[in-house]
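Just my_file07.cif here, mmCIF, C-alpha atoms:
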data_coords
loop_
_atom_site.label_atom_id
_atom_site.label_comp_id
_atom_site.auth_asym_id
_atom_site.auth_seq_id
_atom_site.Cartn_x
_atom_site.Cartn_y
_atom_site.Cartn_z
CA MET J 15 10.51 5.21 6.25
CA PHE J 16 12.66 7.30 3.91
CA GLU J 17 10.39 9.53 1.84
CA ILE J 18 11.67 10.64 -1.56
CA LYS J 19 10.10 13.99 -2.34
CA GLU J 20 10.28 13.67 -6.09
CA LYS J 21 7.34 15.80 -7.10
CA PRO J 22 5.07 18.45 -5.60
CA ARG J 23 2.61 16.95 -3.15
CA GLN J 24 -0.15 19.43 -4.06
CA VAL J 25 -0.45 18.61 -7.76
CA GLU J 26 -3.87 19.63 -9.03
CA LYS J 27 -3.89 19.79 -12.83
CA ALA J 28 -2.46 17.34 -15.35
CA LEU J 29 -1.70 17.11 -19.06
CA LEU J 30 -1.83 13.51 -20.31
CA VAL J 31 0.37 12.19 -23.12
CA GLY J 32 -0.02 8.88 -24.94
CA VAL J 33 2.39 7.54 -27.57
CA TYR J 34 1.82 4.91 -30.27
CA SER J 35 4.17 3.55 -32.92
CA GLU J 36 1.93 2.80 -35.92
CA PRO J 37 -1.61 3.65 -37.12
CA ALA J 38 -2.92 0.18 -36.25
CA ARG J 39 -2.16 0.88 -32.58
CA GLN J 40 -3.86 4.27 -32.42
CA HIS J 41 -7.17 2.89 -31.14
CA ASP J 42 -5.48 0.94 -28.35
CA ALA J 43 -3.40 3.97 -27.42
CA ARG J 44 -6.51 6.14 -27.20
CA SER J 45 -8.22 3.53 -25.02
CA LEU J 46 -5.18 3.41 -22.72
CA LEU J 47 -5.17 7.20 -22.53
CA ASP J 48 -8.83 7.14 -21.46
CA GLU J 49 -7.91 4.66 -18.76
CA LEU J 50 -4.98 6.82 -17.68
CA ALA J 51 -7.42 9.70 -17.26
CA SER J 52 -9.48 7.54 -14.87
CA LEU J 53 -6.34 6.60 -12.96
CA VAL J 54 -5.22 10.22 -12.69
CA GLU J 55 -8.67 11.33 -11.55
CA THR J 56 -8.57 8.59 -8.92
CA LEU J 57 -5.57 10.45 -7.48
CA GLY J 58 -7.70 13.60 -7.26
CA LEU J 59 -6.05 15.39 -10.18
CA GLU J 60 -7.90 17.41 -12.81
CA VAL J 61 -7.20 16.37 -16.40
CA LEU J 62 -6.75 19.50 -18.52
CA ASP J 63 -6.05 17.88 -21.88
CA ARG J 64 -4.92 14.66 -23.57
CA LEU J 65 -2.36 14.47 -26.35
CA LEU J 66 -1.91 11.39 -28.53
CA VAL J 67 1.42 11.33 -30.38
CA ARG J 68 2.67 8.95 -33.05
CA VAL J 69 6.34 8.03 -32.58
CA PRO J 70 7.56 5.31 -35.01
CA VAL J 71 10.90 5.01 -33.18
CA PRO J 72 11.10 6.20 -29.55
CA SER J 73 13.79 8.78 -28.77
CA ALA J 74 16.30 7.83 -26.10
CA ARG J 75 16.27 11.42 -24.78
CA TRP J 76 12.58 12.33 -24.68
CA PHE J 77 10.74 9.20 -25.89
CA VAL J 78 9.23 11.58 -28.48
CA GLY J 79 11.14 13.77 -30.94
CA SER J 80 12.72 17.01 -29.73
CA GLY J 81 10.26 19.19 -31.64
CA LYS J 82 7.26 17.33 -30.24
CA ALA J 83 8.81 17.47 -26.75
CA GLU J 84 9.03 21.27 -26.92
CA GLU J 85 5.45 21.40 -28.22
CA ILE J 86 4.17 19.27 -25.32
CA ALA J 87 6.10 21.33 -22.75
CA ALA J 88 4.71 24.57 -24.22
CA ARG J 89 1.18 23.15 -24.14
CA ALA J 90 1.56 22.23 -20.48
CA GLN J 91 2.78 25.73 -19.63
CA ALA J 92 -0.04 27.36 -21.60
CA LEU J 93 -2.66 25.24 -19.80
CA GLY J 94 -1.19 25.97 -16.39
CA ALA J 95 -0.58 22.28 -15.71
CA ASP J 96 1.21 21.16 -12.57
CA VAL J 97 2.27 17.80 -13.96
CA ILE J 98 2.70 15.97 -17.28
CA VAL J 99 1.64 12.32 -17.13
CA PHE J 100 2.86 9.85 -19.76
CA ASP J 101 0.93 6.66 -20.38
CA ASN J 102 4.17 5.04 -21.57
CA GLU J 103 6.91 4.06 -19.15
CA LEU J 104 9.68 6.64 -18.97
CA HIS J 105 13.25 5.68 -18.13
CA PRO J 106 14.77 7.67 -15.25
CA ALA J 107 16.98 9.70 -17.61
CA GLN J 108 13.99 10.56 -19.81
CA GLN J 109 12.05 11.64 -16.75
CA ARG J 110 14.90 13.95 -15.68
CA ASN J 111 15.18 15.38 -19.20
CA TRP J 112 11.48 16.13 -19.29
CA GLU J 113 11.44 17.86 -15.92
CA ALA J 114 14.41 20.00 -16.94
CA LEU J 115 12.63 20.97 -20.18
CA ALA J 116 9.11 21.53 -18.86
CA LYS J 117 10.04 22.88 -15.40
CA LEU J 118 7.20 20.68 -14.13
CA ALA J 119 6.78 17.33 -12.44
CA VAL J 120 6.71 14.57 -15.07
CA ILE J 121 5.49 11.08 -14.16
CA ASP J 122 4.31 7.96 -15.96
CA ARG J 123 1.54 5.39 -15.62
CA GLN J 124 3.63 3.29 -13.25
CA GLU J 125 4.03 6.12 -10.78
CA VAL J 126 0.32 6.94 -10.95
CA ILE J 127 -0.62 3.34 -10.14
CA LEU J 128 1.95 3.17 -7.34
CA ASP J 129 0.53 6.34 -5.79
CA ILE J 130 -3.00 4.93 -6.00
CA PHE J 131 -1.89 1.72 -4.35
CA ALA J 132 -0.14 3.70 -1.62
CA GLY J 133 -3.37 5.53 -0.86
CA ARG J 134 -5.43 2.33 -0.86
CA ALA J 135 -3.17 0.13 1.30
CA GLN J 136 -4.92 -0.53 4.61
CA THR J 137 -3.22 -3.53 6.18
CA LYS J 138 0.41 -4.02 7.15
CA GLU J 139 0.80 -6.58 4.36
CA ALA J 140 -0.51 -4.24 1.67
CA ARG J 141 1.63 -1.36 2.93
CA LEU J 142 4.74 -3.55 2.86
CA GLN J 143 4.02 -4.59 -0.72
CA VAL J 144 3.37 -1.03 -1.87
CA ASP J 145 6.40 0.37 -0.05
CA LEU J 146 8.65 -2.21 -1.70
CA ALA J 147 7.31 -1.43 -5.17
CA ARG J 148 7.64 2.34 -4.65
CA LEU J 149 11.19 2.15 -3.35
CA GLU J 150 12.30 -0.11 -6.22
CA TYR J 151 10.70 2.35 -8.65
CA SER J 152 12.26 5.38 -6.95
CA LEU J 153 15.82 4.11 -6.50
CA PRO J 154 17.05 4.75 -10.07
CA ARG J 155 15.20 8.09 -10.07
CA LEU J 156 16.73 9.37 -6.85
CA THR J 157 18.89 11.93 -8.66
CA ARG J 158 15.69 13.87 -9.35
CA ALA J 159 15.68 14.86 -5.69
CA TRP J 160 19.35 15.91 -5.66
CA GLY J 161 19.85 17.56 -9.04
CA HIS J 162 20.43 20.95 -7.40
CA LEU J 163 23.30 19.50 -5.33
CA GLY J 164 24.88 17.46 -8.08
CA ARG J 165 26.35 20.65 -9.57
CA GLN J 166 28.23 21.32 -6.33
CA ALA J 167 30.78 18.54 -6.95
CA GLY J 168 34.40 19.41 -6.19
CA GLY J 169 37.38 19.23 -8.52
CA VAL J 170 37.91 16.73 -11.30
CA GLY J 171 37.49 13.20 -10.00
CA GLY J 172 36.33 14.44 -6.59
CA LYS J 173 32.99 13.93 -4.87
CA GLY J 174 30.86 16.90 -3.97
CA GLU J 175 28.42 17.22 -1.11
CA GLY J 176 25.44 16.37 -3.29
CA GLU J 177 26.93 13.18 -4.70
CA THR J 178 27.95 12.01 -1.23
CA GLN J 179 24.44 12.58 0.10
CA LEU J 180 22.95 10.85 -2.93
CA GLU J 181 25.06 7.75 -2.38
CA ALA J 182 24.12 7.71 1.31
CA ASP J 183 20.44 7.86 0.41
CA ARG J 184 20.85 5.09 -2.15
CA ARG J 185 22.44 2.87 0.46
CA LEU J 186 19.63 3.66 2.89
CA ILE J 187 16.98 2.76 0.33
CA ARG J 188 18.74 -0.47 -0.64
CA ARG J 189 18.81 -1.48 3.03
CA GLN J 190 15.11 -0.67 3.33
CA ILE J 191 14.37 -2.71 0.21
CA ASP J 192 16.23 -5.69 1.70
CA ARG J 193 14.34 -5.27 4.98
CA LEU J 194 10.98 -5.07 3.22
CA LYS J 195 11.75 -8.22 1.24
CA GLU J 196 12.54 -10.02 4.50
CA ASP J 197 9.31 -8.75 6.05
CA LEU J 198 7.35 -9.91 3.00
CA GLU J 199 8.88 -13.37 3.27
CA LEU J 200 7.51 -13.49 6.82
CA VAL J 201 4.14 -12.37 5.47
CA ARG J 202 4.20 -15.14 2.86
CA ALA J 203 5.11 -17.66 5.56
CA ARG J 204 2.22 -16.47 7.74
CA ARG J 205 -0.17 -16.62 4.79
CA ALA J 206 1.01 -20.17 4.05
CA THR J 207 0.28 -21.10 7.67
CA GLN J 208 -3.16 -19.51 7.41
CA ARG J 209 -3.82 -21.52 4.25
CA LYS J 210 -2.86 -24.72 6.04
CA LEU J 211 -5.31 -23.89 8.82
CA ARG J 212 -7.94 -23.08 6.20
CA ASP J 213 -7.24 -26.34 4.39
CA ARG J 214 -7.90 -28.21 7.62
CA LEU J 215 -11.47 -26.94 7.41
CA PRO J 216 -11.68 -29.05 4.22
CA LEU J 217 -13.73 -26.45 2.32
CA PRO J 218 -13.19 -25.88 -1.40
CA HIS J 219 -11.84 -22.46 -2.29
CA ALA J 220 -12.51 -20.11 -5.21
CA ALA J 221 -10.83 -16.78 -5.98
CA ILE J 222 -12.62 -13.83 -7.59
CA VAL J 223 -10.34 -12.23 -10.18
CA GLY J 224 -10.77 -9.59 -12.84
CA TYR J 225 -10.10 -6.09 -14.04
CA THR J 226 -10.19 -3.30 -11.49
CA ASN J 227 -13.65 -1.85 -10.77
CA ALA J 228 -15.45 -4.77 -12.43
CA GLY J 229 -17.58 -5.27 -9.31
CA LYS J 230 -15.69 -8.12 -7.63
CA SER J 231 -16.21 -6.82 -4.09
CA SER J 232 -19.88 -6.11 -4.78
CA LEU J 233 -20.31 -9.68 -6.00
CA LEU J 234 -18.62 -11.10 -2.89
CA LYS J 235 -20.80 -8.94 -0.66
CA THR J 236 -24.01 -9.93 -2.44
CA LEU J 237 -23.24 -13.66 -2.55
CA THR J 238 -22.08 -13.96 1.05
CA GLY J 239 -23.87 -11.13 2.84
CA ALA J 240 -20.48 -10.15 4.23
CA ASP J 241 -19.54 -6.65 5.34
CA VAL J 242 -17.11 -5.97 2.50
CA ARG J 243 -15.86 -2.52 1.54
CA VAL J 244 -17.41 -1.61 -1.83
CA GLU J 245 -16.45 1.56 -3.71
CA ASP J 246 -16.85 2.71 -7.30
CA LYS J 247 -13.11 3.38 -7.51
CA LEU J 248 -10.10 1.85 -9.20
CA PHE J 249 -8.13 -0.47 -6.91
CA ALA J 250 -10.55 -0.13 -3.98
CA THR J 251 -9.45 -3.62 -2.89
CA LEU J 252 -5.79 -4.41 -2.24
CA ASP J 253 -6.12 -6.94 0.56
CA PRO J 254 -7.69 -10.36 -0.06
CA THR J 255 -10.99 -10.87 1.75
CA THR J 256 -12.32 -14.41 2.24
CA ARG J 257 -15.92 -15.25 3.13
CA LYS J 258 -18.04 -18.41 3.10
CA VAL J 259 -20.92 -18.95 0.69
CA VAL J 260 -23.41 -21.84 0.76
CA LEU J 261 -24.09 -23.36 -2.67
CA PRO J 262 -27.46 -24.78 -3.81
CA THR J 263 -26.12 -28.29 -3.15
CA GLY J 264 -25.73 -27.39 0.51
CA GLN J 265 -21.96 -27.42 0.21
CA SER J 266 -19.97 -24.51 1.62
CA LEU J 267 -17.35 -22.70 -0.44
CA LEU J 268 -14.67 -20.20 0.59
CA LEU J 269 -14.69 -17.22 -1.77
CA THR J 270 -11.78 -14.75 -1.86
CA ASP J 271 -11.80 -11.27 -3.40
CA THR J 272 -8.43 -10.25 -4.88
CA VAL J 273 -6.72 -7.09 -6.11
CA GLY J 274 -7.94 -5.95 -9.52
CA PHE J 275 -5.79 -6.03 -12.64
CA VAL J 276 -5.12 -3.23 -15.10
CA ARG J 277 -3.47 -2.96 -18.50
CA ASN J 278 0.27 -2.35 -18.32
CA LEU J 279 0.29 -3.18 -14.62
CA PRO J 280 3.87 -2.50 -13.47
CA HIS J 281 5.77 -5.77 -13.21
CA ARG J 282 7.19 -4.69 -9.85
CA LEU J 283 3.62 -4.50 -8.52
CA VAL J 284 2.85 -8.00 -9.79
CA GLU J 285 6.00 -9.17 -8.03
CA ALA J 286 5.29 -7.24 -4.83
CA PHE J 287 1.70 -8.48 -4.64
CA LYS J 288 2.52 -12.13 -5.28
CA ALA J 289 1.72 -12.92 -1.65
CA THR J 290 -1.80 -11.60 -2.32
CA LEU J 291 -2.19 -12.96 -5.84
CA GLU J 292 -1.21 -16.45 -4.70
CA GLU J 293 -4.84 -16.74 -3.60
CA ALA J 294 -5.71 -17.11 -7.28
CA VAL J 295 -2.91 -19.59 -7.93
CA LEU J 296 -3.93 -21.90 -5.08
CA ALA J 297 -7.71 -21.71 -5.51
CA ASP J 298 -9.71 -24.75 -6.66
CA PHE J 299 -11.25 -22.59 -9.38
CA LEU J 300 -11.57 -18.94 -10.42
CA VAL J 301 -14.53 -16.61 -10.78
CA HIS J 302 -13.48 -14.16 -13.51
CA VAL J 303 -15.60 -11.00 -13.24
CA LEU J 304 -15.95 -8.56 -16.15
CA ASP J 305 -17.80 -5.25 -16.42
CA ALA J 306 -20.30 -5.98 -19.20
CA SER J 307 -21.11 -2.27 -19.58
CA HIS J 308 -17.54 -1.17 -20.29
CA PRO J 309 -16.61 -0.58 -23.95
CA GLN J 310 -13.18 -2.18 -23.40
CA VAL J 311 -14.55 -5.36 -21.83
CA TYR J 312 -12.78 -7.57 -24.40
CA ASP J 313 -9.42 -5.89 -23.75
CA PHE J 314 -9.97 -6.26 -20.01
CA TYR J 315 -10.61 -9.97 -20.44
CA GLU J 316 -7.33 -10.41 -22.33
CA THR J 317 -5.41 -8.37 -19.75
CA THR J 318 -6.66 -10.51 -16.87
CA MET J 319 -5.84 -13.72 -18.73
CA ARG J 320 -2.29 -12.47 -19.40
CA VAL J 321 -1.73 -11.68 -15.72
CA LEU J 322 -3.14 -15.08 -14.73
CA GLU J 323 -0.76 -16.70 -17.21
CA GLU J 324 2.15 -14.81 -15.67
CA LEU J 325 1.08 -16.07 -12.25
CA GLY J 326 0.73 -19.64 -13.50
CA ALA J 327 -3.03 -19.68 -12.86
CA ASP J 328 -4.26 -19.62 -16.47
CA LYS J 329 -5.02 -23.38 -16.52
CA LYS J 330 -7.47 -23.16 -13.63
CA ARG J 331 -11.12 -23.98 -14.13
CA VAL J 332 -13.02 -20.71 -14.55
CA VAL J 333 -16.54 -19.39 -14.22
CA THR J 334 -16.70 -16.24 -16.36
CA VAL J 335 -19.12 -13.63 -14.98
CA LEU J 336 -20.36 -10.63 -16.94
CA ASN J 337 -21.40 -8.19 -14.21
CA LYS J 338 -23.35 -4.90 -14.45
CA VAL J 339 -25.69 -6.21 -17.16
CA ASP J 340 -28.24 -3.67 -15.92
CA LEU J 341 -25.92 -0.94 -17.26
CA VAL J 342 -25.48 -2.41 -20.75
CA PRO J 343 -26.95 0.27 -23.05
CA ASP J 344 -28.98 -1.93 -25.44
CA GLN J 345 -29.99 -5.49 -26.27
CA SER J 346 -27.81 -5.67 -29.38
CA THR J 347 -24.69 -5.03 -27.28
CA LEU J 348 -25.84 -7.68 -24.83
CA HIS J 349 -26.38 -10.13 -27.70
CA VAL J 350 -22.84 -9.55 -29.00
CA LEU J 351 -21.48 -10.17 -25.50
CA ARG J 352 -23.41 -13.44 -25.25
CA VAL J 353 -21.97 -14.56 -28.59
CA HIS J 354 -18.44 -13.59 -27.56
CA PHE J 355 -18.73 -15.18 -24.09
CA PRO J 356 -21.09 -18.13 -24.71
CA ASP J 357 -20.28 -19.88 -21.42
CA ALA J 358 -20.46 -16.79 -19.22
CA VAL J 359 -23.04 -16.08 -16.52
CA PHE J 360 -24.64 -12.64 -16.92
CA VAL J 361 -25.40 -10.99 -13.58
CA SER J 362 -26.05 -7.75 -11.78
CA ALA J 363 -24.49 -7.83 -8.33
CA GLU J 364 -26.30 -4.57 -7.63
CA HIS J 365 -29.80 -5.94 -8.29
CA GLY J 366 -29.29 -9.69 -7.77
CA GLU J 367 -30.00 -10.68 -11.36
CA GLY J 368 -28.41 -13.98 -12.45
CA LEU J 369 -26.91 -14.82 -9.05
CA ASP J 370 -28.85 -18.08 -8.67
CA GLU J 371 -27.44 -19.27 -12.00
CA LEU J 372 -23.95 -18.27 -10.85
CA LEU J 373 -24.27 -20.25 -7.62
CA HIS J 374 -25.45 -23.31 -9.55
CA ARG J 375 -22.55 -22.92 -12.00
CA MET J 376 -20.06 -22.83 -9.13
CA ALA J 377 -21.74 -25.88 -7.61
CA ASP J 378 -21.45 -27.67 -10.97
CA LEU J 379 -17.69 -27.11 -10.96
CA LEU J 380 -17.51 -28.91 -7.64
CA THR J 381 -20.00 -31.68 -8.47
CA GLY J 382 -17.41 -33.81 -10.22
CA ARG J 383 -15.34 -33.66 -7.07
CA VAL J 384 -18.24 -34.38 -4.69
CA GLN J 385 -19.13 -37.95 -3.77
CA ARG J 386 -22.04 -39.45 -1.90
CA VAL J 387 -21.05 -41.72 0.97
CA GLU J 388 -22.75 -43.61 3.79
CA LEU J 389 -21.04 -43.30 7.17
CA ALA J 390 -21.27 -44.95 10.55
CA LEU J 391 -19.96 -42.30 12.93
CA PRO J 392 -19.36 -43.23 16.58
CA LEU J 393 -21.52 -41.02 18.77
CA GLU J 394 -18.43 -39.67 20.48
CA ARG J 395 -17.28 -38.23 17.11
CA ALA J 396 -19.68 -35.31 17.24
CA ASP J 397 -16.85 -33.23 15.77
CA LEU J 398 -17.10 -35.13 12.48
CA LEU J 399 -20.87 -34.79 12.37
CA SER J 400 -20.47 -31.06 12.94
CA LEU J 401 -17.89 -31.00 10.13
CA LEU J 402 -20.36 -32.64 7.75
CA HIS J 403 -23.08 -30.13 8.60
CA ARG J 404 -20.67 -27.21 8.04
CA THR J 405 -19.06 -28.36 4.82
CA SER J 406 -21.29 -30.89 3.08
CA LYS J 407 -24.84 -31.71 2.11
CA VAL J 408 -26.24 -34.11 4.72
CA LEU J 409 -28.94 -36.14 2.94
CA SER J 410 -30.03 -38.32 5.84
CA LEU J 411 -29.18 -38.79 9.51
CA GLU J 412 -30.29 -41.70 11.70
CA TYR J 413 -29.19 -42.12 15.31
CA GLN J 414 -28.65 -45.70 16.48
CA PRO J 415 -27.53 -46.93 19.94
CA SER J 416 -23.79 -46.49 19.32
CA ILE J 417 -23.49 -44.72 15.98
CA ALA J 418 -24.95 -41.99 13.84
CA LYS J 419 -25.71 -43.33 10.37
CA VAL J 420 -25.19 -40.54 7.84
CA VAL J 421 -25.57 -40.24 4.08
CA ALA J 422 -23.84 -37.13 2.76
CA SER J 423 -22.32 -35.58 -0.36
CA VAL J 424 -18.74 -34.75 0.51
CA SER J 425 -15.68 -33.21 -1.10
CA PRO J 426 -12.36 -35.06 -1.36
CA LYS J 427 -11.00 -33.05 1.57
CA VAL J 428 -13.90 -34.06 3.81
CA LEU J 429 -13.78 -37.65 2.57
CA ALA J 430 -10.16 -37.88 3.71
CA ARG J 431 -11.28 -36.94 7.23
CA VAL J 432 -14.20 -39.37 7.46
CA ALA J 433 -12.78 -42.25 5.36
CA PRO J 434 -12.34 -44.65 8.35
CA PHE J 435 -16.11 -44.55 8.92
CA VAL J 436 -17.33 -45.06 5.33
CA LEU J 437 -19.61 -48.09 4.99
CA PRO J 438 -18.98 -50.52 2.10
CA GLY J 439 -21.36 -50.83 -0.83
CA PRO J 440 -23.84 -48.40 -2.36
CA PRO J 441 -24.06 -45.44 -2.28
CA GLU J 442 -20.34 -45.24 -1.57
CA LEU J 443 -18.29 -42.98 -3.85
CA GLN J 444 -21.01 -42.41 -6.41
CA PRO J 445 -21.06 -38.95 -7.99
CA ALA J 446 -23.43 -36.68 -6.13
CA GLY J 447 -24.71 -35.28 -9.41
CA CYS J 448 -26.07 -38.73 -10.34
CA LEU J 449 -28.05 -39.18 -7.14
CA ASP J 450 -29.13 -35.73 -5.97
CA SER J 451 -32.29 -35.90 -8.07
CA GLN J 452 -33.35 -39.04 -6.21
CA ALA J 453 -33.01 -37.30 -2.90
CA ASP J 454 -34.95 -34.18 -3.87
#
Represent the structure from my file as structure tokens, please.
Amino acid sequence: MFEIKEKPRQVEKALLVGVYSEPARQHDARSLLDELASLVETLGLEVLDRLLVRVPVPSARWFVGSGKAEEIAARAQALGADVIVFDNELHPAQQRNWEALAKLAVIDRQEVILDIFAGRAQTKEARLQVDLARLEYSLPRLTRAWGHLGRQAGGVGGKGEGETQLEADRRLIRRQIDRLKEDLELVRARRATQRKLRDRLPLPHAAIVGYTNAGKSSLLKTLTGADVRVEDKLFATLDPTTRKVVLPTGQSLLLTDTVGFVRNLPHRLVEAFKATLEEAVLADFLVHVLDASHPQVYDFYETTMRVLEELGADKKRVVTVLNKVDLVPDQSTLHVLRVHFPDAVFVSAEHGEGLDELLHRMADLLTGRVQRVELALPLERADLLSLLHRTSKVLSLEYQPSIAKVVASVSPKVLARVAPFVLPGPPELQPAGCLDSQAD
């Protein structure tokens, strides 16, 4: 793959810059700058200092005013910084202007997130998605790599060596972008086929969504006992992982971990990862995980809801989960959280607190869709009996000479498979929630 060497690969020290337009936005800008520091540290960079600048009207040349630009560049030089990182998105021309002024690499939040994703991508699908996003980001910035040749252009109206090479590289990248898009279409087609195969299992499906590092993978691992990679890092999960969990009703549920969200997530990443994020769109319901101990938990909730709205998944039924309650500093903070999220389940995936309540809440979401039926299965249909044991709550089983008489609570998907063998009359198609107490 064509590698654009836009910035030094051994960057070690960074100066962070955040910009806000009016006093009312200063708090949010400071919060975003704190988050940028975490993102930059995830890349292995050392944060030397953070500057928060008020800019009522952004400058087309620098984003900030010329005087402030010179001040920031001088501060970076004095600190010995290797890179200046803006929390705000810089246009390619602004990025070039900054690098010419500061004589340093200058990047923005988008590039930081793209680099993190590039380091996290493990599977072919994730690498394709990240490569596409990086190339689309880099294409308009390609002149940064050829600035030293651009001055070698020939006479008036002629093309110099640098410009010719630049155009060749642009064409190469455009071809690679087209190829990656084709490859991703194949990935989406394969994922659609996998979903069809999964749907044939007739198990309900839930997707775990939420802000990055909220503990989604830890929750999946604790609930399912699965060997899932868990790290206390931003964007540790890029590839969806699906595991089966058995609910208190005896019903099985497929649970999928998804890539975490972040404020100001680059739109090109949302687009590139649509094949992955479709897991949330197509799920029967969502498990929205929040870090209860984080001071920006309310902002993180709003960010996730905005991304879900963009994906068309904001109307899904949701179980809201406040994770890491063991790390909440005091009871008053916990009380405020309970008031703000009255329907949430408060858990600690680390210590197991609240997980039983969460499993029951997920089961409740499915109860309205589960029906109790009585079946007369021919003995030769052992496959259907096995299906019931895997996916449903079998309440009674009686073998007779030619049939197996079964009473079970089943989902609509399972009911469609066993419908020819449903016996008429009670307890056919009665809500499982109305009858489970009689069976217990």
Figure out the distance between CA of Val295 in chain J and CA of Phe131 in chain J, please, to one decimal in Å.
-> 21.6 Å
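Protein and nucleic acid residues near (-4.2, 17.2, -21.7) are J:Lys27, J:Ala28, J:Leu29, J:Leu30, J:Val31, J:Gly32, J:Ala51, J:Glu60, J:Val61, J:Leu62, J:Asp63, J:Arg64, J:Leu65, J:Leu66, J:Ile86, J:Arg89, J:Ala90, J:Leu93, J:Ala95, J:Ile98, J:Val99, the criterion being any atom at most 10 Å away using only C-alpha atoms.
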Work out how far apart CA of Arg331 in chain J and CA of Leu198 in chain J are and give it in Å to one decimal.
-> 28.9 Å
Thr347 in chain J environment, 9 Å, only C-alpha atoms, sequence neighbours closer than 5 positions dropped, as a VMD selection string = chain J and resid 307 342 352
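For the structure shown here, the set of residues caught by the PyMOL selection byres ((chain J and resi 328) around 12) is J:Val223, J:Ala294, J:Val295, J:Leu296, J:Ala297, J:Phe299, J:Leu300, J:His302, J:Glu316, J:Thr317, J:Thr318, J:Met319, J:Arg320, J:Val321, J:Leu322, J:Glu323, J:Glu324, J:Leu325, J:Gly326, J:Ala327, J:Lys329, J:Lys330, J:Arg331, J:Val332.
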Take the residues that were just selected and, keeping C-alpha atoms, output them as an mmCIF file, keeping the file's coordinate frame.
data_model
loop_
_atom_site.group_PDB
_atom_site.id
_atom_site.type_symbol
_atom_site.label_atom_id
_atom_site.label_comp_id
_atom_site.auth_asym_id
_atom_site.auth_seq_id
_atom_site.Cartn_x
_atom_site.Cartn_y
_atom_site.Cartn_z
ATOM 1 C CA VAL J 223 -10.340 -12.230 -10.180
ATOM 2 C CA ALA J 294 -5.710 -17.110 -7.280
ATOM 3 C CA VAL J 295 -2.910 -19.590 -7.930
ATOM 4 C CA LEU J 296 -3.930 -21.900 -5.080
ATOM 5 C CA ALA J 297 -7.710 -21.710 -5.510
ATOM 6 C CA PHE J 299 -11.250 -22.590 -9.380
ATOM 7 C CA LEU J 300 -11.570 -18.940 -10.420
ATOM 8 C CA HIS J 302 -13.480 -14.160 -13.510
ATOM 9 C CA GLU J 316 -7.330 -10.410 -22.330
ATOM 10 C CA THR J 317 -5.410 -8.370 -19.750
ATOM 11 C CA THR J 318 -6.660 -10.510 -16.870
ATOM 12 C CA MET J 319 -5.840 -13.720 -18.730
ATOM 13 C CA ARG J 320 -2.290 -12.470 -19.400
ATOM 14 C CA VAL J 321 -1.730 -11.680 -15.720
ATOM 15 C CA LEU J 322 -3.140 -15.080 -14.730
ATOM 16 C CA GLU J 323 -0.760 -16.700 -17.210
ATOM 17 C CA GLU J 324 2.150 -14.810 -15.670
ATOM 18 C CA LEU J 325 1.080 -16.070 -12.250
ATOM 19 C CA GLY J 326 0.730 -19.640 -13.500
ATOM 20 C CA ALA J 327 -3.030 -19.680 -12.860
ATOM 21 C CA LYS J 329 -5.020 -23.380 -16.520
ATOM 22 C CA LYS J 330 -7.470 -23.160 -13.630
ATOM 23 C CA ARG J 331 -11.120 -23.980 -14.130
ATOM 24 C CA VAL J 332 -13.020 -20.710 -14.550
#
